[in-house]
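Coordinates from coords.txt are shown below (compact mmCIF, C-alpha atoms).
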# COMPACT_ATOMS: atom_id res chain seq x y z
CA MET A 374 0.00 0.00 0.00
CA LYS A 375 1.24 3.51 -0.85
CA ILE A 376 0.61 5.83 2.09
CA ALA A 377 1.16 9.61 2.14
CA HIS A 378 1.25 11.24 5.57
CA VAL A 379 0.67 15.01 5.38
CA LEU A 380 1.21 17.39 8.28
CA ARG A 381 1.74 21.10 8.79
CA ARG A 382 5.37 20.86 9.85
CA LEU A 383 8.04 18.27 10.57
CA SER A 384 11.06 19.86 12.18
CA PHE A 385 13.41 17.61 14.10
CA ASN A 386 14.63 20.59 16.13
CA ASP A 387 11.20 21.82 17.23
CA TRP A 388 9.22 18.71 17.97
CA GLY A 389 5.64 18.17 19.16
CA GLY A 390 3.21 15.34 19.75
CA THR A 391 1.75 15.36 16.24
CA GLU A 392 5.17 15.12 14.64
CA GLN A 393 6.12 12.27 16.93
CA VAL A 394 2.93 10.35 16.12
CA VAL A 395 3.33 10.76 12.36
CA TRP A 396 7.01 9.87 12.38
CA ASN A 397 6.57 6.70 14.44
CA LEU A 398 3.46 5.49 12.62
CA ALA A 399 5.15 6.07 9.26
CA LYS A 400 8.25 4.16 10.34
CA ALA A 401 6.16 1.26 11.66
CA GLN A 402 4.13 1.12 8.45
CA LYS A 403 7.30 1.15 6.37
CA ALA A 404 8.77 -1.63 8.51
CA ALA A 405 5.62 -3.66 7.80
CA GLY A 406 6.34 -3.45 4.06
CA HIS A 407 4.25 -0.47 2.93
CA GLU A 408 5.55 2.35 0.71
CA VAL A 409 5.37 5.49 2.82
CA ARG A 410 6.26 9.14 2.28
CA ILE A 411 5.84 12.19 4.49
CA PHE A 412 4.75 15.58 3.10
CA ALA A 413 5.01 18.76 5.19
CA THR A 414 5.89 22.46 4.99
CA THR A 415 9.27 24.07 5.57
CA ALA A 416 7.99 25.70 8.77
CA LEU A 417 10.93 25.83 11.21
CA CYS A 418 12.94 23.74 8.75
CA GLU A 419 14.82 25.04 5.70
CA THR A 420 15.42 21.59 4.21
CA GLU A 421 12.86 20.87 1.51
CA ASN A 422 13.63 17.26 0.66
CA GLU A 423 15.50 14.67 2.69
CA THR A 424 15.60 10.97 3.42
CA LEU A 425 16.00 10.01 7.05
CA GLU A 426 16.15 6.44 8.33
CA GLY A 427 14.99 5.36 4.88
CA MET A 428 11.93 7.64 5.01
CA GLU A 429 11.48 10.16 2.19
CA ILE A 430 10.31 13.58 3.40
CA ARG A 431 9.04 16.28 1.01
CA ARG A 432 8.54 19.83 2.26
CA PHE A 433 6.94 22.89 0.63
CA LYS A 434 7.10 26.56 1.57
CA PRO A 435 3.93 27.71 3.38
CA LEU A 436 2.16 30.87 2.28
CA TYR A 437 0.35 32.66 5.10
CA PRO A 438 -2.66 34.59 3.72
CA TRP A 439 -2.60 37.83 5.70
CA TRP A 440 -1.27 41.30 5.00
CA PRO A 441 1.05 42.75 6.09
CA MET A 442 3.34 39.88 7.17
CA SER A 443 6.43 40.52 9.28
CA ARG A 444 9.29 38.08 9.77
CA GLU A 445 8.30 37.82 13.43
CA LEU A 446 4.73 36.91 12.54
CA VAL A 447 5.88 34.26 10.06
CA ASP A 448 8.00 32.70 12.81
CA ALA A 449 5.07 32.74 15.24
CA LEU A 450 2.74 31.11 12.71
CA ASP A 451 5.39 28.54 11.84
CA ARG A 452 5.37 27.52 15.47
CA LYS A 453 1.64 27.34 16.02
CA GLY A 454 -1.39 27.79 13.78
CA GLY A 455 -1.02 29.74 10.58
CA ASN A 456 -3.51 27.92 8.32
CA PRO A 457 -1.32 28.41 5.25
CA PHE A 458 -1.72 27.73 1.57
CA VAL A 459 0.94 25.22 0.49
CA PRO A 460 1.81 25.69 -3.22
CA GLY A 461 3.17 22.55 -4.82
CA LEU A 462 1.83 20.10 -2.26
CA GLY A 463 -1.23 19.05 -4.25
CA HIS A 464 0.81 18.53 -7.41
CA ALA A 465 3.37 16.40 -5.56
CA LEU A 466 0.67 14.20 -4.06
CA SER A 467 -1.05 13.80 -7.44
CA ALA A 468 2.23 12.88 -9.12
CA TRP A 469 3.03 10.19 -6.54
CA ARG A 470 -0.56 8.80 -6.58
CA PRO A 471 -0.76 7.16 -3.15
CA ASP A 472 -3.53 4.74 -2.20
CA VAL A 473 -4.15 6.69 1.01
CA ILE A 474 -3.66 10.37 1.77
CA HIS A 475 -3.60 10.63 5.55
CA CYS A 476 -3.75 14.27 6.63
CA HIS A 477 -2.69 15.29 10.14
CA ALA A 478 -3.66 18.96 9.77
CA MET A 479 -6.91 20.85 9.40
CA ALA A 480 -8.30 23.78 7.41
CA ARG A 481 -6.58 24.56 4.06
CA ILE A 482 -4.09 21.69 4.15
CA ALA A 483 -6.86 19.20 4.90
CA GLU A 484 -9.04 20.69 2.16
CA LEU A 485 -6.19 20.33 -0.33
CA CYS A 486 -5.63 16.72 0.68
CA LEU A 487 -9.32 15.92 0.36
CA ARG A 488 -9.56 17.45 -3.12
CA THR A 489 -6.38 15.71 -4.25
CA ALA A 490 -7.67 12.36 -2.97
CA ARG A 491 -10.92 12.78 -4.91
CA LYS A 492 -9.01 13.73 -8.03
CA THR A 493 -6.64 10.75 -7.89
CA GLY A 494 -8.98 8.13 -6.42
CA ALA A 495 -7.04 7.85 -3.16
CA LYS A 496 -8.75 7.25 0.16
CA SER A 497 -8.80 10.41 2.30
CA ILE A 498 -8.13 10.09 6.03
CA VAL A 499 -7.96 12.94 8.54
CA SER A 500 -6.41 12.60 12.01
CA LEU A 501 -7.52 14.87 14.84
CA HIS A 502 -4.58 15.48 17.19
CA GLY A 503 -5.35 18.77 18.85
CA GLY A 504 -8.24 18.18 21.22
CA ALA A 505 -10.60 20.36 19.16
CA ALA A 506 -13.51 18.96 21.14
CA ASN A 507 -12.31 20.49 24.40
CA VAL A 508 -10.07 23.51 23.70
CA PRO A 509 -11.19 26.34 26.01
CA ASP A 510 -12.72 29.33 24.22
CA ALA A 511 -10.13 31.71 25.66
CA GLU A 512 -7.27 29.63 24.29
CA ALA A 513 -8.95 29.27 20.91
CA ARG A 514 -9.20 33.07 20.73
CA SER A 515 -5.53 33.42 21.70
CA LEU A 516 -4.52 31.35 18.66
CA LYS A 517 -6.15 33.93 16.39
CA ALA A 518 -4.72 36.93 18.21
CA PRO A 519 -1.53 37.37 16.10
CA THR A 520 -3.56 37.92 12.88
CA ARG A 521 -6.59 39.70 14.33
CA ARG A 522 -5.83 43.13 12.86
CA LEU A 523 -4.42 41.96 9.54
CA LEU A 524 -6.11 41.78 6.15
CA PRO A 525 -7.22 38.14 5.60
CA TRP A 526 -6.81 38.01 1.84
CA GLY A 527 -6.87 34.21 1.97
CA LYS A 528 -10.63 34.24 2.48
CA LEU A 529 -11.07 35.74 -0.98
CA VAL A 530 -9.02 32.91 -2.46
CA ASP A 531 -11.05 30.37 -0.50
CA CYS A 532 -14.27 31.75 -1.93
CA ALA A 533 -12.87 31.82 -5.47
CA MET A 534 -11.79 28.18 -5.18
CA GLY A 535 -15.09 27.10 -3.62
CA TRP A 536 -13.48 25.49 -0.60
CA THR A 537 -16.15 24.23 1.79
CA ARG A 538 -14.16 23.63 5.00
CA ARG A 539 -16.28 20.55 5.73
CA ILE A 540 -13.29 18.96 7.38
CA PRO A 541 -13.13 16.31 8.70
CA ASP A 542 -16.73 15.37 7.88
CA ASP A 543 -16.16 14.98 4.13
CA ALA A 544 -13.13 12.70 4.53
CA ASP A 545 -13.46 8.96 3.92
CA GLY A 546 -12.25 8.27 7.43
CA ILE A 547 -11.48 10.08 10.68
CA VAL A 548 -8.83 9.03 13.19
CA CYS A 549 -9.17 10.46 16.70
CA VAL A 550 -6.35 10.62 19.23
CA GLY A 551 -8.72 11.96 21.89
CA GLU A 552 -11.78 10.08 23.08
CA ASP A 553 -13.81 13.32 23.32
CA GLU A 554 -13.39 13.79 19.58
CA TYR A 555 -14.08 10.12 18.93
CA GLN A 556 -17.38 10.31 20.78
CA ARG A 557 -18.32 13.47 18.87
CA TYR A 558 -17.57 12.22 15.36
CA ARG A 559 -18.66 8.60 15.67
CA LYS A 560 -22.22 9.89 15.94
CA ARG A 561 -22.09 11.73 12.62
CA HIS A 562 -19.55 9.87 10.48
CA PRO A 563 -19.66 6.17 9.45
CA HIS A 564 -15.92 5.55 9.51
CA VAL A 565 -14.18 6.72 12.70
CA LEU A 566 -11.28 5.14 14.59
CA PHE A 567 -10.06 5.87 18.09
CA LEU A 568 -6.28 5.39 17.89
CA PRO A 569 -4.28 6.38 20.96
CA ASN A 570 -0.71 7.54 20.76
CA GLY A 571 2.13 5.07 21.17
CA VAL A 572 5.61 4.62 22.57
CA ASP A 573 8.77 2.71 21.74
CA CYS A 574 9.32 0.76 24.94
CA GLY A 575 12.40 -0.89 23.48
CA LEU A 576 14.08 2.51 23.21
CA PHE A 577 13.92 3.01 26.96
CA GLU A 578 14.71 -0.60 27.80
CA GLY A 579 17.70 -0.59 25.49
CA THR A 580 19.32 2.37 27.23
CA GLY A 581 18.76 1.20 30.77
CA VAL A 582 16.53 4.18 31.57
CA ALA A 583 13.56 2.00 32.53
CA GLY A 584 15.73 -0.24 34.63
CA LYS A 585 16.69 2.50 37.07
CA SER A 586 15.05 1.72 40.39
CA ARG A 587 13.51 4.76 42.03
CA GLY A 588 11.94 2.89 44.91
CA CYS A 589 14.77 3.26 47.39
CA GLY A 590 14.27 6.93 48.10
CA VAL A 591 14.26 10.33 46.45
CA SER A 592 17.42 12.39 46.54
CA MET A 593 17.42 16.03 47.52
CA PRO A 594 16.60 18.29 45.90
CA VAL A 595 13.53 16.56 44.45
CA ARG A 596 13.74 16.67 40.64
CA LEU A 597 10.48 17.18 38.75
CA LEU A 598 10.38 16.82 34.97
CA CYS A 599 7.80 18.26 32.58
CA VAL A 600 8.19 17.37 28.90
CA ALA A 601 5.84 19.59 26.90
CA ARG A 602 5.95 22.56 24.57
CA ILE A 603 6.02 25.91 26.36
CA ASP A 604 2.39 26.77 25.81
CA ARG A 605 -0.55 27.92 27.93
CA GLN A 606 -2.28 24.63 27.21
CA LYS A 607 0.42 22.83 29.20
CA ASN A 608 0.02 25.19 32.20
CA GLN A 609 3.66 25.07 33.36
CA MET A 610 2.92 28.13 35.50
CA MET A 611 1.54 25.75 38.15
CA LEU A 612 4.99 24.22 38.53
CA VAL A 613 6.69 27.62 38.75
CA GLU A 614 4.33 28.52 41.58
CA TRP A 615 4.90 25.09 43.18
CA LEU A 616 8.64 25.76 43.33
CA SER A 617 8.03 28.77 45.54
CA ARG A 618 6.38 26.48 48.11
CA HIS A 619 9.11 23.82 48.03
CA ALA A 620 12.64 25.03 48.64
CA ASP A 621 14.04 21.49 48.35
CA ALA A 622 12.97 20.97 44.71
CA VAL A 623 14.02 21.71 41.14
CA VAL A 624 11.89 21.65 37.99
CA ARG A 625 13.07 21.07 34.43
CA PHE A 626 10.97 22.04 31.40
CA VAL A 627 11.82 20.17 28.19
CA GLY A 628 10.11 21.23 24.97
CA PRO A 629 9.96 23.81 22.19
CA VAL A 630 8.48 27.27 22.68
CA THR A 631 5.22 27.67 20.76
CA GLN A 632 4.06 30.78 22.65
CA PRO A 633 7.03 33.10 23.33
CA ASP A 634 4.87 35.48 25.35
CA TYR A 635 4.00 32.63 27.71
CA LEU A 636 7.70 31.81 28.11
CA ALA A 637 8.25 35.45 29.09
CA GLU A 638 5.45 35.16 31.68
CA LEU A 639 7.01 32.03 33.15
CA GLU A 640 10.45 33.61 33.39
CA ARG A 641 9.06 36.84 34.85
CA ARG A 642 7.06 34.96 37.49
CA ALA A 643 10.03 32.76 38.39
CA GLU A 644 12.12 35.87 38.98
CA GLU A 645 9.38 37.45 41.12
CA LEU A 646 9.19 34.30 43.25
CA GLY A 647 12.97 33.95 43.50
CA VAL A 648 13.04 30.44 42.00
CA THR A 649 14.92 31.12 38.76
CA ASP A 650 17.97 29.19 39.96
CA ARG A 651 15.84 26.07 40.51
CA LEU A 652 13.94 26.24 37.22
CA LYS A 653 15.71 24.97 34.12
CA MET A 654 14.40 25.68 30.61
CA VAL A 655 16.08 22.89 28.65
CA GLY A 656 14.48 23.64 25.27
CA PRO A 657 13.46 21.11 22.60
CA LEU A 658 15.08 17.69 22.51
CA LYS A 659 14.61 15.22 19.69
CA PRO A 660 12.52 12.17 20.68
CA GLY A 661 14.72 9.19 21.33
CA SER A 662 17.85 11.30 21.68
CA SER A 663 20.38 10.52 24.37
CA GLU A 664 19.73 13.98 25.82
CA LEU A 665 16.00 13.32 26.25
CA LEU A 666 16.59 9.87 27.69
CA ALA A 667 19.01 11.43 30.17
CA GLU A 668 16.30 13.85 31.31
CA TYR A 669 13.95 10.96 32.06
CA LYS A 670 16.71 8.99 33.75
CA ASP A 671 17.76 11.83 36.05
CA ALA A 672 14.23 12.84 37.15
CA ASP A 673 12.41 11.67 40.26
CA VAL A 674 8.82 12.44 39.23
CA PHE A 675 7.14 13.32 35.93
CA VAL A 676 4.43 16.02 36.07
CA LEU A 677 2.08 17.35 33.38
CA PRO A 678 -0.44 19.99 34.59
CA SER A 679 -2.21 20.60 31.23
CA ARG A 680 -5.44 22.57 31.02
CA HIS A 681 -6.68 20.25 28.26
CA GLU A 682 -5.06 17.26 26.60
CA PRO A 683 -6.42 14.92 23.92
CA PHE A 684 -4.05 12.16 25.02
CA GLY A 685 -0.65 13.03 26.48
CA ILE A 686 1.98 10.99 24.64
CA VAL A 687 4.67 11.97 27.14
CA ILE A 688 2.79 10.06 29.83
CA LEU A 689 3.61 6.90 27.87
CA GLU A 690 7.26 7.93 27.66
CA ALA A 691 7.41 8.56 31.40
CA TRP A 692 5.86 5.16 32.05
CA ALA A 693 8.29 3.46 29.66
CA ALA A 694 11.13 5.22 31.49
CA GLY A 695 9.92 3.91 34.85
CA LEU A 696 9.02 7.33 36.25
CA PRO A 697 6.19 7.94 38.74
CA VAL A 698 3.58 10.08 36.96
CA VAL A 699 1.45 12.92 38.33
CA ALA A 700 -0.95 14.55 35.84
CA SER A 701 -4.04 16.71 35.68
CA ASN A 702 -7.24 14.71 35.31
CA VAL A 703 -8.35 16.27 32.06
CA GLY A 704 -9.51 15.05 28.65
CA GLY A 705 -7.88 12.04 27.06
CA MET A 706 -4.94 12.23 29.46
CA GLY A 707 -7.27 11.77 32.40
CA ARG A 708 -8.84 8.77 30.68
CA LEU A 709 -5.43 7.31 29.88
CA CYS A 710 -4.39 7.53 33.53
CA GLY A 711 -7.83 6.30 34.62
CA ALA A 712 -7.43 3.21 32.45
CA HIS A 713 -4.25 2.41 34.43
CA PRO A 714 -5.18 3.74 37.89
CA ASN A 715 -2.17 2.22 39.65
CA ALA A 716 0.28 3.80 37.19
CA ALA A 717 -0.41 7.50 37.88
CA LEU A 718 -1.79 9.97 40.38
CA THR A 719 -4.11 12.63 39.00
CA PHE A 720 -5.23 15.97 40.34
CA VAL A 721 -7.96 18.51 39.65
CA PRO A 722 -6.93 20.66 36.65
CA GLY A 723 -5.69 24.08 37.72
CA ASP A 724 -6.07 23.27 41.43
CA ALA A 725 -2.77 23.96 43.20
CA ALA A 726 -3.80 22.28 46.46
CA SER A 727 -4.83 19.14 44.61
CA MET A 728 -1.53 19.02 42.71
CA ASP A 729 0.46 19.67 45.88
CA ALA A 730 -1.29 16.80 47.65
CA ALA A 731 -0.57 14.37 44.81
CA LEU A 732 3.09 15.36 44.62
CA GLU A 733 3.47 15.15 48.38
CA ARG A 734 2.16 11.58 48.33
CA VAL A 735 4.60 10.54 45.63
CA VAL A 736 7.64 12.26 47.14
CA SER A 737 7.02 11.00 50.69
CA ASP A 738 5.96 7.40 49.98
CA LYS A 739 8.66 5.17 48.46
CA THR A 740 6.28 2.18 48.33
CA LEU A 741 3.86 4.22 46.24
CA ARG A 742 6.66 5.38 43.95
CA GLU A 743 7.73 1.81 43.29
CA GLU A 744 4.13 0.72 42.60
CA LEU A 745 3.65 3.59 40.15
CA ARG A 746 6.94 2.72 38.46
CA LYS A 747 6.13 -0.97 37.98
CA GLU A 748 2.54 -0.38 36.89
CA GLY A 749 3.66 2.33 34.46
CA LEU A 750 6.19 0.02 32.84
CA ALA A 751 3.46 -2.59 32.34
CA ALA A 752 0.94 -0.04 31.02
CA ALA A 753 3.35 1.35 28.42
CA LYS A 754 3.60 -2.04 26.71
CA ASP A 755 -0.07 -1.78 25.67
CA TYR A 756 0.78 1.13 23.34
CA ASP A 757 3.46 -0.31 21.07
CA TRP A 758 3.79 1.63 17.79
CA GLY A 759 3.81 -1.55 15.72
CA LYS A 760 0.46 -2.66 17.10
CA LEU A 761 -1.07 0.76 16.46
CA ALA A 762 0.28 0.96 12.90
CA HIS A 763 -1.23 -2.45 12.08
CA LYS A 764 -4.60 -1.31 13.41
CA LEU A 765 -4.40 1.88 11.35
CA VAL A 766 -3.63 0.05 8.09
CA ALA A 767 -6.60 -2.24 8.71
CA PHE A 768 -8.74 0.90 9.12
CA TYR A 769 -7.49 2.20 5.77
CA GLY A 770 -8.80 -0.97 4.13
CA GLU A 771 -12.28 -0.73 5.58
CA LYS A 772 -15.09 0.70 3.44

Spell out the structure here as structure tokens.
Amino acid sequence: MKIAHVLRRLSFNDWGGTEQVVWNLAKAQKAAGHEVRIFATTALCETENETLEGMEIRRFKPLYPWWPMSRELVDALDRKGGNPFVPGLGHALSAWRPDVIHCHAMARIAELCLRTARKTGAKSIVSLHGGAANVPDAEARSLKAPTRRLLPWGKLVDCAMGWTRRIPDDADGIVCVGEDEYQRYRKRHPHVLFLPNGVDCGLFEGTGVAGKSRGCGVSMPVRLLCVARIDRQKNQMMLVEWLSRHADAVVRFVGPVTQPDYLAELERRAEELGVTDRLKMVGPLKPGSSELLAEYKDADVFVLPSRHEPFGIVILEAWAAGLPVVASNVGGMGRLCGAHPNAALTFVPGDAASMDAALERVVSDKTLREELRKEGLAAAKDYDWGKLAHKLVAFYGEK
């Protein structure tokens, strides 16, 4: 089967959950004998075409349809949002003629994929990665803020081309990472799959990260790790505030910056609270890199205080690394932890007292830490990328 995976960006220096899902599914499908290519934009990546680990990647320059456009705005839209036109993408897909065009973006890119699939006879699949069913209104408005006062000339082009924006409803199939979205679309579309994110357990086992026993005690200072993009959705501010209440702790944030203004807020608040020396902004680390594995190995507890989360792929990584997990009980992440109740402690989203209580239990109880570690290792094995890729290919073949 010829499979084209299409996403907004694939930069190995600025990495997010969607990129990780696409990359690992594509590799697993290729390993199973399918012909797979990845198509993306050059957002945050100047390389247009490359082959990495045997995987061909084609990239095209995005065109953001607002006026005027500054270099700073282009960079911001590259990082998050943007809804660009992508000249050349449709032609490249048509020329390759895949059996399946699997789009991992929405809006104009998804519309282009849908039209190309209809033109070439390919099956059109759309994946929903972003928790669109439960994004708070305030955050949704913040995504549009950078272009609010600009001229949206792209709307005129949309009208001229007759684009309907009935995405994902008009696709042949919908893949949902979050269960909220799955429950929404299964009621109105005949071909919907709930496919959780996955993890490469062998990666952690092979490096000895998962084998590190953390049940014998926690060293001082306590080391908390949060792997997530610097973004209001991830709510890292709760951990900055937590540091001010715990002088014997350090927190490390690993992930790319998708909202620079939020990074500035975090740094400003850390300085106000006098915790800057115990807060480390590591930046983005490539999945599977020795640097990222070292972060998991050196941590005592993994924490993710997100405001909303369709799944939470880093929870699987923390489990595979043998880390005790503390996470907000929200969206698909809450369901993931709820499905493995002995592998994680959850707290009320945005509730500092609830988070403090959960962290206090983990830090003070070595028996609990060891139980969370063992149960997390077992839970991670249920989400092997190979198993998920096989299920996805079977979904492609369904009518």

May I ask for the distance between CA of Val582 in chain A and CA of Leu718 in chain A, given in Å to one decimal place? 21.1 Å

So which residues are close to (9.2, 30.9, 23.3), meaning at most 10 Å away in the file's coordinates with all atoms listed in the file counted, and can you show them as a VMD selection string? chain A and resid 449 452 602 to 604 628 to 637 656

Please write the residues from the selection above to a file, keeping C-alpha atoms, as a PDB file, in the coordinates of the input.
ATOM      1  CA  ALA A 449       5.070  32.740  15.240  1.00  0.00           C
ATOM      2  CA  ARG A 452       5.370  27.520  15.470  1.00  0.00           C
ATOM      3  CA  ARG A 602       5.950  22.560  24.570  1.00  0.00           C
ATOM      4  CA  ILE A 603       6.020  25.910  26.360  1.00  0.00           C
ATOM      5  CA  ASP A 604       2.390  26.770  25.810  1.00  0.00           C
ATOM      6  CA  GLY A 628      10.110  21.230  24.970  1.00  0.00           C
ATOM      7  CA  PRO A 629       9.960  23.810  22.190  1.00  0.00           C
ATOM      8  CA  VAL A 630       8.480  27.270  22.680  1.00  0.00           C
ATOM      9  CA  THR A 631       5.220  27.670  20.760  1.00  0.00           C
ATOM     10  CA  GLN A 632       4.060  30.780  22.650  1.00  0.00           C
ATOM     11  CA  PRO A 633       7.030  33.100  23.330  1.00  0.00           C
ATOM     12  CA  ASP A 634       4.870  35.480  25.350  1.00  0.00           C
ATOM     13  CA  TYR A 635       4.000  32.630  27.710  1.00  0.00           C
ATOM     14  CA  LEU A 636       7.700  31.810  28.110  1.00  0.00           C
ATOM     15  CA  ALA A 637       8.250  35.450  29.090  1.00  0.00           C
ATOM     16  CA  GLY A 656      14.480  23.640  25.270  1.00  0.00           C
TER      17      GLY A 656
END

Using only C-alpha atoms: which of A:Pro657, A:Pro594, A:Pro697, A:Gly575 has the shortest distance to Val674 in chain A: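 When distances to Val674 in chain A are compared using only C-alpha atoms, the smallest one comes from A:Pro697.
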
In terms of only C-alpha atoms, the residue from A:Gly527, A:Gly685, A:Gly406, A:Gly723 at minimal distance from Ile376 in chain A is A:Gly406

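For the pair CA of Lys375 in chain A and CA of Glu408 in chain A, the separation is 4.7 Å.
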
Counting all atoms listed in the file, figure out which residue out of A:His475, A:Lys434, A:Arg521, A:Lys560 gets nearest to Ala544 in chain A. A:His475

Smallest atom-to-atom distance to Asn397 in chain A: which of A:Val600, A:Ala753, A:Met428, A:Leu529, using all atoms listed in the file? A:Met428

Can you list, as a PDB file with C-alpha atoms, keeping the file's coordinate frame, every protein, DNA or RNA residue that comes within 9 Å of Met611 in chain A when you count all atoms listed in the file, leaving out same-chain residues fewer than 6 positions away?
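In the end it all went to around-v1.pdb:
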ATOM      1  CA  PRO A 678      -0.440  19.990  34.590  1.00  0.00           C
ATOM      2  CA  GLY A 723      -5.690  24.080  37.720  1.00  0.00           C
ATOM      3  CA  ASP A 724      -6.070  23.270  41.430  1.00  0.00           C
ATOM      4  CA  ALA A 725      -2.770  23.960  43.200  1.00  0.00           C
ATOM      5  CA  MET A 728      -1.530  19.020  42.710  1.00  0.00           C
TER       6      MET A 728
END

Find the residues around Asp542 in chain A up to 12 Å (all atoms listed in the file counted), leave out those fewer than 4 positions away in its own chain, and share them as a short mmCIF file (atom, residue, chain, number, x, y, z; two decimals) with C-alpha atoms, in the coordinates of the input.
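Okay, around39.cif is ready:
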data_model
loop_
_atom_site.label_atom_id
_atom_site.label_comp_id
_atom_site.auth_asym_id
_atom_site.auth_seq_id
_atom_site.Cartn_x
_atom_site.Cartn_y
_atom_site.Cartn_z
CA MET A 479 -6.91 20.85 9.40
CA ALA A 480 -8.30 23.78 7.41
CA ALA A 483 -6.86 19.20 4.90
CA GLU A 484 -9.04 20.69 2.16
CA LEU A 487 -9.32 15.92 0.36
CA SER A 497 -8.80 10.41 2.30
CA ILE A 498 -8.13 10.09 6.03
CA VAL A 499 -7.96 12.94 8.54
CA SER A 500 -6.41 12.60 12.01
CA LEU A 501 -7.52 14.87 14.84
CA THR A 537 -16.15 24.23 1.79
CA ARG A 538 -14.16 23.63 5.00
CA GLY A 546 -12.25 8.27 7.43
CA ILE A 547 -11.48 10.08 10.68
CA VAL A 548 -8.83 9.03 13.19
CA ARG A 557 -18.32 13.47 18.87
CA TYR A 558 -17.57 12.22 15.36
CA ARG A 559 -18.66 8.60 15.67
CA LYS A 560 -22.22 9.89 15.94
CA ARG A 561 -22.09 11.73 12.62
CA HIS A 562 -19.55 9.87 10.48
CA PRO A 563 -19.66 6.17 9.45
CA HIS A 564 -15.92 5.55 9.51
CA VAL A 565 -14.18 6.72 12.70
#

Do a neighbour search on range 461-474 of chain A at 12 Å with all atoms listed in the file, toss out local chain neighbours closer than 3 positions, and write the hits as a ChimeraX atom specification. /A:374-381,407-415,421,430-436,457-458,477-478,481-500,544-547,765-766,768-771

In Å to one decimal, how far is CA of Glu419 in chain A from CA of Asp451 in chain A? 11.8 Å

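Of the listed residues (A:Pro519, A:Val648, A:Glu578, A:Val613), A:Pro519 comes nearest to Glu445 in chain A; the distances count only C-alpha atoms.
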
Shell around Leu417 in chain A at 10 Å using only C-alpha atoms, local window under 3 positions removed, as a tab-separated table (two decimals) with C-alpha atoms, in the frame of the given file:
chain	number	residue	atom	x	y	z
A	382	ARG	CA	5.37	20.86	9.85
A	383	LEU	CA	8.04	18.27	10.57
A	384	SER	CA	11.06	19.86	12.18
A	385	PHE	CA	13.41	17.61	14.10
A	386	ASN	CA	14.63	20.59	16.13
A	387	ASP	CA	11.20	21.82	17.23
A	388	TRP	CA	9.22	18.71	17.97
A	414	THR	CA	5.89	22.46	4.99
A	420	THR	CA	15.42	21.59	4.21
A	447	VAL	CA	5.88	34.26	10.06
A	448	ASP	CA	8.00	32.70	12.81
A	449	ALA	CA	5.07	32.74	15.24
A	450	LEU	CA	2.74	31.11	12.71
A	451	ASP	CA	5.39	28.54	11.84
A	452	ARG	CA	5.37	27.52	15.47

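Ranking A:Ser727, A:Thr520, A:Ser663, A:Ser617 by their shortest atom-to-atom distance to Gly455 in chain A, with all atoms listed in the file included, puts A:Thr520 first.
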
Which residues are near Arg596 in chain A? Cut-off 8 Å, all atoms listed in the file, ignore same chain within fewer than 2 positions. Put them as a PyMOL selection string. chain A and resi 593-594+598+622-625+671-674

Which centre and edge lengths in Å to one decimal define the box along x, y and z that fits every listed atom of range 643-652 of chain A plus 3 Å per side, as AutoDock Vina command-line options?
--center_x 13.6 --center_y 31.8 --center_z 40.4 --size_x 14.8 --size_y 17.4 --size_z 12.3

Could you give me, as a PyMOL selection string, the residues that have an atom at most 12 Å away from the point (10.1, 35.4, 44.6) in the coordinates of the file, using only C-alpha atoms? chain A and resi 613-618+620+640-651
